[in-house]
$ cat query-v3.cif   # mmCIF, N, CA, C and O atoms
data_my_file
loop_
_atom_site.group_PDB
_atom_site.id
_atom_site.type_symbol
_atom_site.label_atom_id
_atom_site.label_comp_id
_atom_site.auth_asym_id
_atom_site.auth_seq_id
_atom_site.Cartn_x
_atom_site.Cartn_y
_atom_site.Cartn_z
ATOM 1 N N MET B 1 38.401 16.408 45.615
ATOM 2 C CA MET B 1 37.069 16.095 46.118
ATOM 3 C C MET B 1 37.021 14.674 46.650
ATOM 4 O O MET B 1 37.700 13.785 46.156
ATOM 5 N N ASP B 2 36.163 14.497 47.590
ATOM 6 C CA ASP B 2 36.005 13.182 48.189
ATOM 7 C C ASP B 2 35.028 12.360 47.357
ATOM 8 O O ASP B 2 33.833 12.629 47.317
ATOM 9 N N GLN B 3 35.518 11.342 46.660
ATOM 10 C CA GLN B 3 34.669 10.551 45.778
ATOM 11 C C GLN B 3 33.757 9.604 46.531
ATOM 12 O O GLN B 3 32.795 9.102 45.981
ATOM 13 N N ILE B 4 34.039 9.351 47.795
ATOM 14 C CA ILE B 4 33.203 8.438 48.578
ATOM 15 C C ILE B 4 31.810 9.025 48.788
ATOM 16 O O ILE B 4 30.821 8.310 48.766
ATOM 17 N N ASN B 5 31.712 10.330 48.940
ATOM 18 C CA ASN B 5 30.433 10.972 49.211
ATOM 19 C C ASN B 5 29.647 11.332 47.954
ATOM 20 O O ASN B 5 28.538 11.829 48.047
ATOM 21 N N ARG B 6 30.209 11.082 46.803
ATOM 22 C CA ARG B 6 29.506 11.370 45.551
ATOM 23 C C ARG B 6 28.456 10.294 45.285
ATOM 24 O O ARG B 6 28.726 9.104 45.451
ATOM 25 N N PRO B 7 27.274 10.700 44.825
ATOM 26 C CA PRO B 7 26.287 9.683 44.445
ATOM 27 C C PRO B 7 26.710 8.993 43.148
ATOM 28 O O PRO B 7 27.378 9.605 42.315
ATOM 29 N N ASN B 8 26.374 7.741 43.023
ATOM 30 C CA ASN B 8 26.673 7.015 41.786
ATOM 31 C C ASN B 8 25.800 7.576 40.678
ATOM 32 O O ASN B 8 24.609 7.805 40.875
ATOM 33 N N SER B 9 26.381 7.790 39.537
ATOM 34 C CA SER B 9 25.608 8.256 38.399
ATOM 35 C C SER B 9 25.833 7.310 37.241
ATOM 36 O O SER B 9 26.887 6.698 37.110
ATOM 37 N N THR B 10 24.821 7.191 36.433
ATOM 38 C CA THR B 10 24.879 6.313 35.290
ATOM 39 C C THR B 10 24.459 7.098 34.060
ATOM 40 O O THR B 10 23.451 7.797 34.097
ATOM 41 N N LEU B 11 25.223 6.983 32.996
ATOM 42 C CA LEU B 11 24.852 7.621 31.745
ATOM 43 C C LEU B 11 23.907 6.716 30.987
ATOM 44 O O LEU B 11 24.027 5.494 31.023
ATOM 45 N N GLY B 12 22.956 7.318 30.298
ATOM 46 C CA GLY B 12 22.020 6.538 29.524
ATOM 47 C C GLY B 12 21.007 7.410 28.830
ATOM 48 O O GLY B 12 21.171 8.631 28.731
ATOM 49 N N PHE B 13 19.949 6.795 28.369
ATOM 50 C CA PHE B 13 18.903 7.470 27.615
ATOM 51 C C PHE B 13 17.543 7.174 28.225
ATOM 52 O O PHE B 13 17.308 6.074 28.726
ATOM 53 N N TYR B 14 16.639 8.140 28.140
ATOM 54 C CA TYR B 14 15.253 7.951 28.540
ATOM 55 C C TYR B 14 14.394 7.843 27.299
ATOM 56 O O TYR B 14 14.530 8.629 26.365
ATOM 57 N N SER B 15 13.472 6.870 27.286
ATOM 58 C CA SER B 15 12.495 6.784 26.208
ATOM 59 C C SER B 15 11.385 7.796 26.517
ATOM 60 O O SER B 15 11.279 8.278 27.647
ATOM 61 N N PRO B 16 10.552 8.113 25.549
ATOM 62 C CA PRO B 16 9.468 9.075 25.792
ATOM 63 C C PRO B 16 8.524 8.673 26.925
ATOM 64 O O PRO B 16 7.908 9.540 27.541
ATOM 65 N N ASP B 17 8.416 7.384 27.222
ATOM 66 C CA ASP B 17 7.533 6.956 28.310
ATOM 67 C C ASP B 17 8.266 6.821 29.644
ATOM 68 O O ASP B 17 7.728 6.326 30.615
ATOM 69 N N GLY B 18 9.536 7.274 29.696
ATOM 70 C CA GLY B 18 10.261 7.338 30.954
ATOM 71 C C GLY B 18 11.170 6.167 31.267
ATOM 72 O O GLY B 18 11.811 6.146 32.314
ATOM 73 N N TYR B 19 11.270 5.196 30.399
ATOM 74 C CA TYR B 19 12.161 4.056 30.648
ATOM 75 C C TYR B 19 13.605 4.509 30.469
ATOM 76 O O TYR B 19 13.969 5.106 29.460
ATOM 77 N N PHE B 20 14.449 4.241 31.462
ATOM 78 C CA PHE B 20 15.867 4.603 31.407
ATOM 79 C C PHE B 20 16.683 3.424 30.938
ATOM 80 O O PHE B 20 16.605 2.336 31.505
ATOM 81 N N GLN B 21 17.471 3.634 29.899
ATOM 82 C CA GLN B 21 18.333 2.593 29.340
ATOM 83 C C GLN B 21 19.776 3.010 29.557
ATOM 84 O O GLN B 21 20.261 3.946 28.927
ATOM 85 N N PRO B 22 20.496 2.364 30.496
ATOM 86 C CA PRO B 22 21.901 2.714 30.713
ATOM 87 C C PRO B 22 22.748 2.391 29.481
ATOM 88 O O PRO B 22 22.487 1.410 28.774
ATOM 89 N N ILE B 23 23.738 3.204 29.239
ATOM 90 C CA ILE B 23 24.611 2.987 28.082
ATOM 91 C C ILE B 23 25.295 1.635 28.165
ATOM 92 O O ILE B 23 25.454 0.948 27.157
ATOM 93 N N ALA B 24 25.660 1.214 29.363
ATOM 94 C CA ALA B 24 26.343 -0.078 29.530
ATOM 95 C C ALA B 24 25.468 -1.245 29.085
ATOM 96 O O ALA B 24 25.977 -2.302 28.718
ATOM 97 N N ALA B 25 24.154 -1.086 29.095
ATOM 98 C CA ALA B 25 23.250 -2.169 28.721
ATOM 99 C C ALA B 25 22.891 -2.153 27.237
ATOM 100 O O ALA B 25 22.193 -3.050 26.762
ATOM 101 N N LEU B 26 23.372 -1.157 26.502
ATOM 102 C CA LEU B 26 23.041 -1.066 25.079
ATOM 103 C C LEU B 26 23.910 -1.997 24.248
ATOM 104 O O LEU B 26 25.067 -2.230 24.562
ATOM 105 N N SER B 27 23.315 -2.514 23.211
ATOM 106 C CA SER B 27 24.044 -3.303 22.228
ATOM 107 C C SER B 27 23.539 -2.887 20.853
ATOM 108 O O SER B 27 22.562 -2.148 20.738
ATOM 109 N N THR B 28 24.185 -3.370 19.832
ATOM 110 C CA THR B 28 23.728 -3.023 18.490
ATOM 111 C C THR B 28 22.342 -3.581 18.225
ATOM 112 O O THR B 28 21.581 -3.019 17.445
ATOM 113 N N ALA B 29 21.977 -4.660 18.890
ATOM 114 C CA ALA B 29 20.666 -5.275 18.676
ATOM 115 C C ALA B 29 19.539 -4.433 19.261
ATOM 116 O O ALA B 29 18.456 -4.364 18.688
ATOM 117 N N ASN B 30 19.766 -3.786 20.401
ATOM 118 C CA ASN B 30 18.668 -3.044 21.025
ATOM 119 C C ASN B 30 18.817 -1.533 20.937
ATOM 120 O O ASN B 30 17.999 -0.801 21.478
ATOM 121 N N LEU B 31 19.823 -1.051 20.247
ATOM 122 C CA LEU B 31 20.051 0.381 20.135
ATOM 123 C C LEU B 31 18.879 1.108 19.472
ATOM 124 O O LEU B 31 18.515 2.212 19.864
ATOM 125 N N GLU B 32 18.266 0.492 18.496
ATOM 126 C CA GLU B 32 17.170 1.159 17.793
ATOM 127 C C GLU B 32 15.915 1.310 18.655
ATOM 128 O O GLU B 32 15.034 2.097 18.328
ATOM 129 N N PHE B 33 15.832 0.598 19.762
ATOM 130 C CA PHE B 33 14.643 0.661 20.614
ATOM 131 C C PHE B 33 14.739 1.715 21.711
ATOM 132 O O PHE B 33 13.776 1.938 22.438
ATOM 133 N N VAL B 34 15.873 2.382 21.835
ATOM 134 C CA VAL B 34 16.087 3.346 22.907
ATOM 135 C C VAL B 34 15.023 4.437 22.901
ATOM 136 O O VAL B 34 14.504 4.817 23.946
ATOM 137 N N SER B 35 14.670 4.938 21.742
ATOM 138 C CA SER B 35 13.737 6.062 21.656
ATOM 139 C C SER B 35 12.274 5.631 21.560
ATOM 140 O O SER B 35 11.392 6.469 21.394
ATOM 141 N N LYS B 36 12.004 4.352 21.683
ATOM 142 C CA LYS B 36 10.636 3.848 21.518
ATOM 143 C C LYS B 36 9.928 3.699 22.859
ATOM 144 O O LYS B 36 10.523 3.292 23.846
ATOM 145 N N THR B 37 8.647 3.993 22.873
ATOM 146 C CA THR B 37 7.823 3.740 24.055
ATOM 147 C C THR B 37 7.399 2.279 24.033
ATOM 148 O O THR B 37 7.558 1.579 23.017
ATOM 149 N N LEU B 38 6.833 1.823 25.119
ATOM 150 C CA LEU B 38 6.332 0.448 25.172
ATOM 151 C C LEU B 38 5.247 0.237 24.122
ATOM 152 O O LEU B 38 5.204 -0.793 23.450
ATOM 153 N N TYR B 39 4.390 1.232 23.958
ATOM 154 C CA TYR B 39 3.343 1.154 22.938
ATOM 155 C C TYR B 39 3.958 1.018 21.543
ATOM 156 O O TYR B 39 3.503 0.194 20.737
ATOM 157 N N ASP B 40 4.997 1.815 21.247
ATOM 158 C CA ASP B 40 5.677 1.732 19.953
ATOM 159 C C ASP B 40 6.258 0.340 19.731
ATOM 160 O O ASP B 40 6.168 -0.216 18.634
ATOM 161 N N LEU B 41 6.848 -0.220 20.777
ATOM 162 C CA LEU B 41 7.431 -1.564 20.666
ATOM 163 C C LEU B 41 6.357 -2.603 20.375
ATOM 164 O O LEU B 41 6.557 -3.498 19.548
ATOM 165 N N GLU B 42 5.214 -2.483 21.038
ATOM 166 C CA GLU B 42 4.123 -3.428 20.789
ATOM 167 C C GLU B 42 3.601 -3.307 19.365
ATOM 168 O O GLU B 42 3.303 -4.317 18.711
ATOM 169 N N GLN B 43 3.517 -2.083 18.853
ATOM 170 C CA GLN B 43 3.094 -1.878 17.471
ATOM 171 C C GLN B 43 4.112 -2.444 16.487
ATOM 172 O O GLN B 43 3.741 -3.066 15.487
ATOM 173 N N MET B 44 5.397 -2.242 16.774
ATOM 174 C CA MET B 44 6.448 -2.811 15.931
ATOM 175 C C MET B 44 6.383 -4.335 15.934
ATOM 176 O O MET B 44 6.559 -4.966 14.889
ATOM 177 N N LEU B 45 6.103 -4.909 17.110
ATOM 178 C CA LEU B 45 6.005 -6.359 17.219
ATOM 179 C C LEU B 45 4.857 -6.885 16.364
ATOM 180 O O LEU B 45 5.028 -7.830 15.590
ATOM 181 N N ASP B 46 3.699 -6.255 16.472
ATOM 182 C CA ASP B 46 2.550 -6.665 15.649
ATOM 183 C C ASP B 46 2.862 -6.568 14.162
ATOM 184 O O ASP B 46 2.545 -7.476 13.386
ATOM 185 N N HIS B 47 3.495 -5.482 13.768
ATOM 186 C CA HIS B 47 3.832 -5.275 12.358
ATOM 187 C C HIS B 47 4.800 -6.352 11.862
ATOM 188 O O HIS B 47 4.613 -6.912 10.775
ATOM 189 N N ASN B 48 5.822 -6.647 12.663
ATOM 190 C CA ASN B 48 6.808 -7.646 12.251
ATOM 191 C C ASN B 48 6.257 -9.062 12.281
ATOM 192 O O ASN B 48 6.695 -9.905 11.499
ATOM 193 N N ILE B 49 5.305 -9.332 13.160
ATOM 194 C CA ILE B 49 4.635 -10.644 13.131
ATOM 195 C C ILE B 49 3.878 -10.800 11.820
ATOM 196 O O ILE B 49 3.943 -11.842 11.170
ATOM 197 N N HIS B 50 3.178 -9.735 11.441
ATOM 198 C CA HIS B 50 2.426 -9.761 10.186
ATOM 199 C C HIS B 50 3.351 -9.999 8.988
ATOM 200 O O HIS B 50 2.996 -10.727 8.056
ATOM 201 N N LEU B 51 4.537 -9.396 9.021
ATOM 202 C CA LEU B 51 5.493 -9.555 7.930
ATOM 203 C C LEU B 51 6.325 -10.832 8.044
ATOM 204 O O LEU B 51 7.134 -11.123 7.163
ATOM 205 N N GLU B 52 6.131 -11.567 9.133
ATOM 206 C CA GLU B 52 6.852 -12.812 9.408
ATOM 207 C C GLU B 52 8.360 -12.595 9.540
ATOM 208 O O GLU B 52 9.170 -13.414 9.118
ATOM 209 N N HIS B 53 8.747 -11.482 10.165
ATOM 210 C CA HIS B 53 10.152 -11.193 10.467
ATOM 211 C C HIS B 53 10.412 -11.628 11.904
ATOM 212 O O HIS B 53 10.485 -10.815 12.816
ATOM 213 N N TYR B 54 10.571 -12.917 12.085
ATOM 214 C CA TYR B 54 10.592 -13.495 13.419
ATOM 215 C C TYR B 54 11.864 -13.175 14.215
ATOM 216 O O TYR B 54 11.809 -13.091 15.432
ATOM 217 N N GLU B 55 12.983 -12.996 13.542
ATOM 218 C CA GLU B 55 14.201 -12.610 14.271
ATOM 219 C C GLU B 55 14.027 -11.219 14.865
ATOM 220 O O GLU B 55 14.415 -10.964 16.007
ATOM 221 N N LYS B 56 13.429 -10.316 14.107
ATOM 222 C CA LYS B 56 13.144 -8.969 14.597
ATOM 223 C C LYS B 56 12.131 -9.038 15.737
ATOM 224 O O LYS B 56 12.248 -8.312 16.728
ATOM 225 N N CYS B 57 11.138 -9.906 15.618
ATOM 226 C CA CYS B 57 10.139 -10.091 16.675
ATOM 227 C C CYS B 57 10.801 -10.513 17.980
ATOM 228 O O CYS B 57 10.431 -10.040 19.057
ATOM 229 N N ALA B 58 11.776 -11.394 17.886
ATOM 230 C CA ALA B 58 12.464 -11.865 19.088
ATOM 231 C C ALA B 58 13.219 -10.730 19.765
ATOM 232 O O ALA B 58 13.212 -10.625 20.992
ATOM 233 N N LEU B 59 13.854 -9.860 18.979
ATOM 234 C CA LEU B 59 14.565 -8.720 19.552
ATOM 235 C C LEU B 59 13.599 -7.761 20.253
ATOM 236 O O LEU B 59 13.872 -7.280 21.353
ATOM 237 N N ILE B 60 12.469 -7.505 19.608
ATOM 238 C CA ILE B 60 11.468 -6.611 20.193
ATOM 239 C C ILE B 60 10.875 -7.237 21.447
ATOM 240 O O ILE B 60 10.714 -6.573 22.476
ATOM 241 N N ARG B 61 10.585 -8.523 21.391
ATOM 242 C CA ARG B 61 10.048 -9.228 22.557
ATOM 243 C C ARG B 61 11.022 -9.157 23.729
ATOM 244 O O ARG B 61 10.631 -8.884 24.857
ATOM 245 N N ASP B 62 12.307 -9.351 23.441
ATOM 246 C CA ASP B 62 13.322 -9.275 24.497
ATOM 247 C C ASP B 62 13.362 -7.892 25.128
ATOM 248 O O ASP B 62 13.520 -7.760 26.338
ATOM 249 N N GLU B 63 13.216 -6.855 24.314
ATOM 250 C CA GLU B 63 13.227 -5.485 24.840
ATOM 251 C C GLU B 63 11.994 -5.231 25.710
ATOM 252 O O GLU B 63 12.091 -4.607 26.769
ATOM 253 N N ILE B 64 10.842 -5.728 25.296
ATOM 254 C CA ILE B 64 9.623 -5.578 26.097
ATOM 255 C C ILE B 64 9.784 -6.292 27.439
ATOM 256 O O ILE B 64 9.433 -5.750 28.493
ATOM 257 N N ILE B 65 10.350 -7.483 27.419
ATOM 258 C CA ILE B 65 10.576 -8.238 28.657
ATOM 259 C C ILE B 65 11.581 -7.513 29.545
ATOM 260 O O ILE B 65 11.388 -7.408 30.755
ATOM 261 N N ARG B 66 12.651 -6.995 28.958
ATOM 262 C CA ARG B 66 13.675 -6.273 29.717
ATOM 263 C C ARG B 66 13.045 -5.082 30.459
ATOM 264 O O ARG B 66 13.321 -4.845 31.629
ATOM 265 N N ARG B 67 12.179 -4.375 29.780
ATOM 266 C CA ARG B 67 11.522 -3.220 30.398
ATOM 267 C C ARG B 67 10.550 -3.645 31.493
ATOM 268 O O ARG B 67 10.448 -2.980 32.526
ATOM 269 N N ALA B 68 9.851 -4.744 31.281
ATOM 270 C CA ALA B 68 8.914 -5.228 32.305
ATOM 271 C C ALA B 68 9.663 -5.656 33.561
ATOM 272 O O ALA B 68 9.226 -5.364 34.681
ATOM 273 N N VAL B 69 10.780 -6.325 33.392
ATOM 274 C CA VAL B 69 11.591 -6.765 34.539
ATOM 275 C C VAL B 69 12.142 -5.548 35.280
ATOM 276 O O VAL B 69 12.122 -5.501 36.513
ATOM 277 N N ALA B 70 12.622 -4.559 34.536
ATOM 278 C CA ALA B 70 13.160 -3.353 35.164
ATOM 279 C C ALA B 70 12.074 -2.615 35.932
ATOM 280 O O ALA B 70 12.308 -2.116 37.040
ATOM 281 N N LYS B 71 10.886 -2.561 35.377
ATOM 282 C CA LYS B 71 9.766 -1.888 36.047
ATOM 283 C C LYS B 71 9.408 -2.609 37.337
ATOM 284 O O LYS B 71 9.184 -1.987 38.372
ATOM 285 N N LYS B 72 9.381 -3.935 37.284
ATOM 286 C CA LYS B 72 9.065 -4.733 38.482
ATOM 287 C C LYS B 72 10.110 -4.538 39.564
ATOM 288 O O LYS B 72 9.785 -4.434 40.740
ATOM 289 N N SER B 73 11.371 -4.501 39.175
ATOM 290 C CA SER B 73 12.429 -4.334 40.183
ATOM 291 C C SER B 73 12.394 -2.934 40.791
ATOM 292 O O SER B 73 12.654 -2.772 41.975
ATOM 293 N N ARG B 74 12.054 -1.917 39.984
ATOM 294 C CA ARG B 74 11.908 -0.560 40.537
ATOM 295 C C ARG B 74 10.755 -0.499 41.529
ATOM 296 O O ARG B 74 10.849 0.150 42.567
ATOM 297 N N GLN B 75 9.648 -1.175 41.201
ATOM 298 C CA GLN B 75 8.493 -1.209 42.119
ATOM 299 C C GLN B 75 8.847 -1.919 43.408
ATOM 300 O O GLN B 75 8.439 -1.513 44.478
ATOM 301 N N ALA B 76 9.613 -2.995 43.308
ATOM 302 C CA ALA B 76 10.004 -3.740 44.514
ATOM 303 C C ALA B 76 10.934 -2.905 45.383
ATOM 304 O O ALA B 76 10.842 -2.979 46.626
ATOM 305 N N GLU B 77 11.813 -2.125 44.779
ATOM 306 C CA GLU B 77 12.722 -1.263 45.535
ATOM 307 C C GLU B 77 11.967 -0.167 46.270
ATOM 308 O O GLU B 77 12.355 0.225 47.362
ATOM 309 N N SER B 78 10.906 0.345 45.651
ATOM 310 C CA SER B 78 10.160 1.441 46.274
ATOM 311 C C SER B 78 9.252 0.970 47.403
ATOM 312 O O SER B 78 8.813 1.771 48.220
ATOM 313 N N ASN B 79 8.982 -0.327 47.482
ATOM 314 C CA ASN B 79 8.122 -0.862 48.557
ATOM 315 C C ASN B 79 8.889 -1.190 49.778
ATOM 316 O O ASN B 79 9.831 -1.308 50.164
#
$ encode --input "query-v3.cif" --output "structure tokens"
Amino acid sequence: MDQINRPNSTLGFYSPDGYFQPIAALSTANLEFVSKTLYDLEQMLDHNIHLEHYEKCALIRDEIIRRAVAKKSRQAESN
């Protein structure tokens, strides 16, 4: 088969709210967030702030930012 004409495919996971997380971008730090929606992440962040688990808060915050950046770049590509 001619590999030049094949579309690029990426393996990964979709969260319930439709966010696609490529396997190459996963790490042990963000693996637990793969199945979470943005709403779930925000709830986890609030809960961990209340418990003063600030290292966990930073990981959740980073995941929320990562998703926001990805969403913005997808919107820019579609325009």
$ atom_distance --input "query-v3.cif" --atom1 "atom O of Phe33 of chain B" --atom2 "atom C of Lys71 of chain B"
16.2 Å
$ residues_around --input "query-v3.cif" --residues "segment 42-46 of chain B" --least-positions-apart "6" --cutoff "7 Å" --atoms "all atoms listed in the file" --output "list in words"
Glu52, His53, Lys56, Cys57, Ile60 and Arg61 of chain B
$ write_last_selection --input "query-v3.cif" --atoms "N, CA, C and O atoms" --output "mmCIF file, in the coordinates of the input"
data_model
loop_
_atom_site.group_PDB
_atom_site.id
_atom_site.type_symbol
_atom_site.label_atom_id
_atom_site.label_comp_id
_atom_site.auth_asym_id
_atom_site.auth_seq_id
_atom_site.Cartn_x
_atom_site.Cartn_y
_atom_site.Cartn_z
ATOM 1 N N GLU B 52 6.131 -11.567 9.133
ATOM 2 C CA GLU B 52 6.852 -12.812 9.408
ATOM 3 C C GLU B 52 8.360 -12.595 9.540
ATOM 4 O O GLU B 52 9.170 -13.414 9.118
ATOM 5 N N HIS B 53 8.747 -11.482 10.165
ATOM 6 C CA HIS B 53 10.152 -11.193 10.467
ATOM 7 C C HIS B 53 10.412 -11.628 11.904
ATOM 8 O O HIS B 53 10.485 -10.815 12.816
ATOM 9 N N LYS B 56 13.429 -10.316 14.107
ATOM 10 C CA LYS B 56 13.144 -8.969 14.597
ATOM 11 C C LYS B 56 12.131 -9.038 15.737
ATOM 12 O O LYS B 56 12.248 -8.312 16.728
ATOM 13 N N CYS B 57 11.138 -9.906 15.618
ATOM 14 C CA CYS B 57 10.139 -10.091 16.675
ATOM 15 C C CYS B 57 10.801 -10.513 17.980
ATOM 16 O O CYS B 57 10.431 -10.040 19.057
ATOM 17 N N ILE B 60 12.469 -7.505 19.608
ATOM 18 C CA ILE B 60 11.468 -6.611 20.193
ATOM 19 C C ILE B 60 10.875 -7.237 21.447
ATOM 20 O O ILE B 60 10.714 -6.573 22.476
ATOM 21 N N ARG B 61 10.585 -8.523 21.391
ATOM 22 C CA ARG B 61 10.048 -9.228 22.557
ATOM 23 C C ARG B 61 11.022 -9.157 23.729
ATOM 24 O O ARG B 61 10.631 -8.884 24.857
#
$ select_by_dssp --input "query-v3.cif" --residues "chain B" --states "strand (DSSP E or B)" --output "JSON, numbers by chain"
{"B": [12, 13, 14, 20, 21, 22]}
$ residues_around --input "query-v3.cif" --residues "Lys36 of chain B" --least-positions-apart "3" --cutoff "6 Å" --atoms "only N, CA, C and O atoms" --output "VMD selection string"
chain B and resid 15 to 17 32 to 33 40 to 41
$ select_by_dssp --input "query-v3.cif" --residues "chain B" --states "alpha helix (DSSP H)" --output "ChimeraX atom specification"
/B:38-50,54-78
$ closest_residue --input "query-v3.cif" --among "B:Glu55, B:Val69, B:Val34, B:His50" --to "Gln21 of chain B" --atoms "only N, CA, C and O atoms"
B:Val34
